[in-house]
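These notes concern the structure reproduced below.
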Amino acid sequence: MNPTEARAETWLKSKVIKVGKSTLYIRIPSKIANASTFIIKDGDEVEITYDTIKNVVIIRKKALSK
């Protein structure tokens, strides 16, 4: 088991919303987004990767440049 998965407190369902021809938005439920352990905040830059083997999307807060 991935260490990140082991720390997961809650798995909630959400919806993806398409706006225009190419923009997708993911709703993150407030139970997760407002948790003190959730590291992504409004305005943060994130890196998004898609693991084609595991069929998962991974969103990480972008590291600050030095």
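Ordering of the structure tokens sets the chain letters (A, B, ...); residue numbers start at 1 within each chain; ligands are numbered from 1 in the order shown.
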
Find the residues near Ile17 in chain A: any atom within 7 Å, counting only C-alpha atoms, skip ones fewer than 6 places away on the same chain, and give them as a ChimeraX atom specification.
-> /A:24-26

So which bits of chain A end up strand (DSSP E) when you DSSP the backbone, as a ChimeraX atom specification?
-> /A:16-19,23-26,46-51,56-61

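Between CA of Ile53 in chain A and CA of Ile32 in chain A lies a distance of 26.0 Å.
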
Identify which of the residues A:Ser14, A:Asp44, A:Thr23, A:Ser30 lies closest to Ala63 in chain A, counting only C-alpha atoms when measuring atom-to-atom distances.
->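 Smallest separation from Ala63 in chain A among the options: A:Asp44.
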
Separation of CA of Phe38 in chain A from CA of Val19 in chain A, in Å and rounded to one decimal |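 CA of Val19 in chain A lies at a distance of 25.4 Å from CA of Phe38 in chain A.
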